[in-house]
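One structure is given here, and the rest of the page talks about it.
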Amino acid sequence: MAASLEEVEETLNAEQLVDLPKLRSFARYGIPPSIRGEVWLYLLEVLSPDRTNEITSVRSKYQSYQSMDKSPALSTRLRGECTRYYNRRLLPYTRKRRAGQNPTAAVTATAPVQHQQQQPTPEDEAMDIVAFTTSVENVLSAFLNRNRNIEYKTGLVQLVAPFVWTLKTEAGMYFCFERLMTKIEDKTSTTSLSVRISFFLSLFRKFLPDLWMYFDEEGVDVRELASTWLQWFFAKELPVDILIRLWDVYFSVEDPVELHQYVCLAILTTCKETLEELDESEVRSFLLNLPRLDIDRLVVEANNLKQAFQHLQTRGERPAEF
C-alpha cells in the first residue's frame, strides 16, 4: 500500500537520521508527486541520510554545480530534441510547479535546510518549454563537459528529462542524473550492454517461447527493441507519469539495472495476448510507445520472473546462450 504524504514527510523530517530503508519501502509503492524529488535525492544517495552536516553538504553541492562548465557545444541539437520531447511527451500533462522552494529538495540552499509542508499558492505555474529546455541543456552540457568520454545521444535527453520534470532546481536534477548514469556505467563495466541484451533474449525465449516464435514468424527485430529498452530505462517508451512511478521502484533497489531486465520481460508477459494479435509493424509501434501499465502488478510479475530464474539456477539450468 502506498504511503500517505504525511507518512513520507514525517520520515523526511527526522532531526538527525532519515530512515532510508523506510523511504525505500515507501518508494516501492509510489511516492507522492509533491515530495518525490526530495525522496529521490536520498534514494540516489545525493543526500546522506545522516543530516548532521546536511547544510554544509547542500551548500557544497550547490557551489560545485554552479562552478561547472555548462557551455553547450551541442546547443542546436539539444534544443531541437528538447522541443520535440516536450511537445510530444509533456504537453498532455498539467503538472504544477510551486513557486516556493524546498531547499533540501533543490540541493541549492544557502540557508539552513527546513522540511515543511508547503501548500500550493496562486503563484503556481506549469513548467513551460523554455524552462524545461534550459534546464535539460544546462544539466546535459555540464555532464558531457565533465565526461568527455561519453558521446552525446538523443536518448540522454529522454533520460535526463524525468529529473528535470520531477526535481525543483538544476543542481538536484544534475546530481540525480549523474548518480543514475554512474549506476548504469558501473553495471556496464562488469556486464556489457551486449551481454545484457543476450541474457534478456535468452530469458524471453525460455519464459515466453510461444511469443518468441510468433515474433520470429512475423520478422520482429527483437534485438533492436531489447537494445533501446535496456539502454534507456523506458525513458522513450512509457508515458511520463508511469515512467516516473516505475523509477520510484528502480531507485528503491540496490541494482536497478538488474531489476529492469525482468521488468522488460514482465511487460512482454503482461501484454502477450495483445502482441499476438499484431503484425510486425504494429508490434514495433506498440513496444516503442507503451500503454499505461499497472506498475504494482508489473513489479510483482518481474520479481516472480526473477525468482523463477533463480530457481532454474539452483537446479543447474540456465536459459540458452547465457
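Quick note on naming: the chains in the C-alpha cells go A, B, ... in the order shown, residues restart at 1 in each chain, and ligands are numbered from 1 in order of appearance.
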
Pick out the residues sitting within 7 Å of segment 240-251 of chain A, and hand them over as a VMD selection string; count only C-alpha atoms, and ignore anything fewer than 4 positions along from it in its own chain. chain A and resid 27 to 28 30 to 31 43 to 44 89 162 234 to 235 256 292 295

Members of segment 91-284 of chain A assigned alpha helix (DSSP H) by DSSP, as a ChimeraX atom specification: /A:103-106,129-146,154-166,170-190,193-207,209-218,222-232,240-252,256-270,272-275,280-284

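If only C-alpha atoms are the atoms counted, then among A:Met68, A:Ala131, A:Leu208, A:Ala266 the closest residue to Asp296 of chain A is A:Ala266.
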
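Minimum atom-to-atom distances from A:Ser57, A:Leu288, A:Leu293, A:Ser64 to Ala171 of chain A were compared using only C-alpha atoms, and the lowest value belongs to A:Ser64.
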
Of the listed residues A:Ser135, A:Val263, A:Val39, A:Ser25, that which approaches Thr169 of chain A most closely, counting only C-alpha atoms: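 With only C-alpha atoms as the atom set, the closest residue is A:Ser135.
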
Calculated over only C-alpha atoms, which of the candidates A:Tyr262, A:Pro209, A:Tyr29, A:Thr11 has the smallest distance to Ile197 of chain A?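 Closest to Ile197 of chain A of all the choices is A:Tyr262.
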
Restrict the calculation to only C-alpha atoms, then for each residue of segment 146-221 of chain A with any atom at most 12 Å from an atom of segment 310-315 of chain A give the closest atom pair and their distance in Å to one decimal, rows by chain and rising residue number, as CSV.
residue,atom,partner,partner_atom,distance
A:Leu203,CA,A:Leu312,CA,11.2
A:Lys206,CA,A:Leu312,CA,10.6
A:Phe207,CA,A:Leu312,CA,11.2

Can you list, as a list in words, every protein, DNA or RNA residue that comes within 12 Å of Met181 of chain A when you count only C-alpha atoms, leaving out same-chain residues fewer than 6 positions away?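 Residues meeting the cut-off are Leu44, Leu140, Phe143, Leu144, Asn147, Ile150, Leu156, Leu159, Val160, Tyr174, Phe175, Lys187, Thr188, Gln231, Trp232, Phe233, Pro256 and Val257 of chain A.
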
Export of prior selection with C-alpha atoms as an mmCIF file, in the first residue's frame:
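part_29.cif written:
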data_model
loop_
_atom_site.group_PDB
_atom_site.id
_atom_site.type_symbol
_atom_site.label_atom_id
_atom_site.label_comp_id
_atom_site.auth_asym_id
_atom_site.auth_seq_id
_atom_site.Cartn_x
_atom_site.Cartn_y
_atom_site.Cartn_z
ATOM 1 C CA LEU A 44 20.050 8.018 -5.158
ATOM 2 C CA LEU A 140 23.434 17.685 -20.016
ATOM 3 C CA PHE A 143 27.556 16.327 -17.539
ATOM 4 C CA LEU A 144 29.065 15.933 -21.013
ATOM 5 C CA ASN A 147 32.615 13.265 -19.014
ATOM 6 C CA ILE A 150 30.626 9.861 -23.189
ATOM 7 C CA LEU A 156 20.326 11.231 -22.971
ATOM 8 C CA LEU A 159 16.935 10.050 -19.685
ATOM 9 C CA VAL A 160 17.514 13.404 -18.016
ATOM 10 C CA TYR A 174 22.134 17.204 -12.226
ATOM 11 C CA PHE A 175 23.266 15.155 -9.244
ATOM 12 C CA LYS A 187 26.958 -2.197 -14.287
ATOM 13 C CA THR A 188 28.251 -1.857 -17.846
ATOM 14 C CA GLN A 231 19.703 1.272 -22.633
ATOM 15 C CA TRP A 232 17.173 3.921 -21.703
ATOM 16 C CA PHE A 233 15.077 2.511 -18.828
ATOM 17 C CA PRO A 256 18.018 -1.123 -10.766
ATOM 18 C CA VAL A 257 19.774 -2.315 -13.925
#

Using DSSP assignments from the backbone, pull out every residue in segment 71-242 of chain A that falls under strand (DSSP E) and give it to me as a PyMOL selection string. chain A and resi 96-97+125-126

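Distances here use only C-alpha atoms; by that measure, the residue among A:Glu170, A:Ser71, A:Thr154, A:Pro33 closest to Arg84 of chain A is A:Thr154.
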
As a VMD selection string, please: the residues near Leu211 of chain A (cut-off 9 Å, only C-alpha atoms, same-chain neighbours under 2 positions excluded). chain A and resid 204 to 205 208 to 209 213 to 216 268 to 269 272 to 273 275 to 276

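Comparing the minimum interatomic distances between Asp69 of chain A and each of A:Glu137, A:Asp255, A:Asp221, A:Asp186, counting only C-alpha atoms, we find that A:Glu137 sits nearest.
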
Find the residues near Gln16 of chain A: any atom within 9 Å, counting only C-alpha atoms, skip ones fewer than 4 places away on the same chain, and give them as a PDB file with C-alpha atoms, in the first residue's frame.
ATOM      1  CA  PRO A  49      20.533  10.072   5.494  1.00  0.00           C
ATOM      2  CA  ASP A  50      22.748  11.450   8.270  1.00  0.00           C
ATOM      3  CA  ARG A  51      21.548  15.046   8.498  1.00  0.00           C
ATOM      4  CA  THR A  52      24.229  16.172  10.930  1.00  0.00           C
TER       5      THR A  52
END

Give me, please, the distance in Å between atom CA of Arg36 of chain A and atom CA of Lys306 of chain A, quoted to one decimal. 27.1 Å
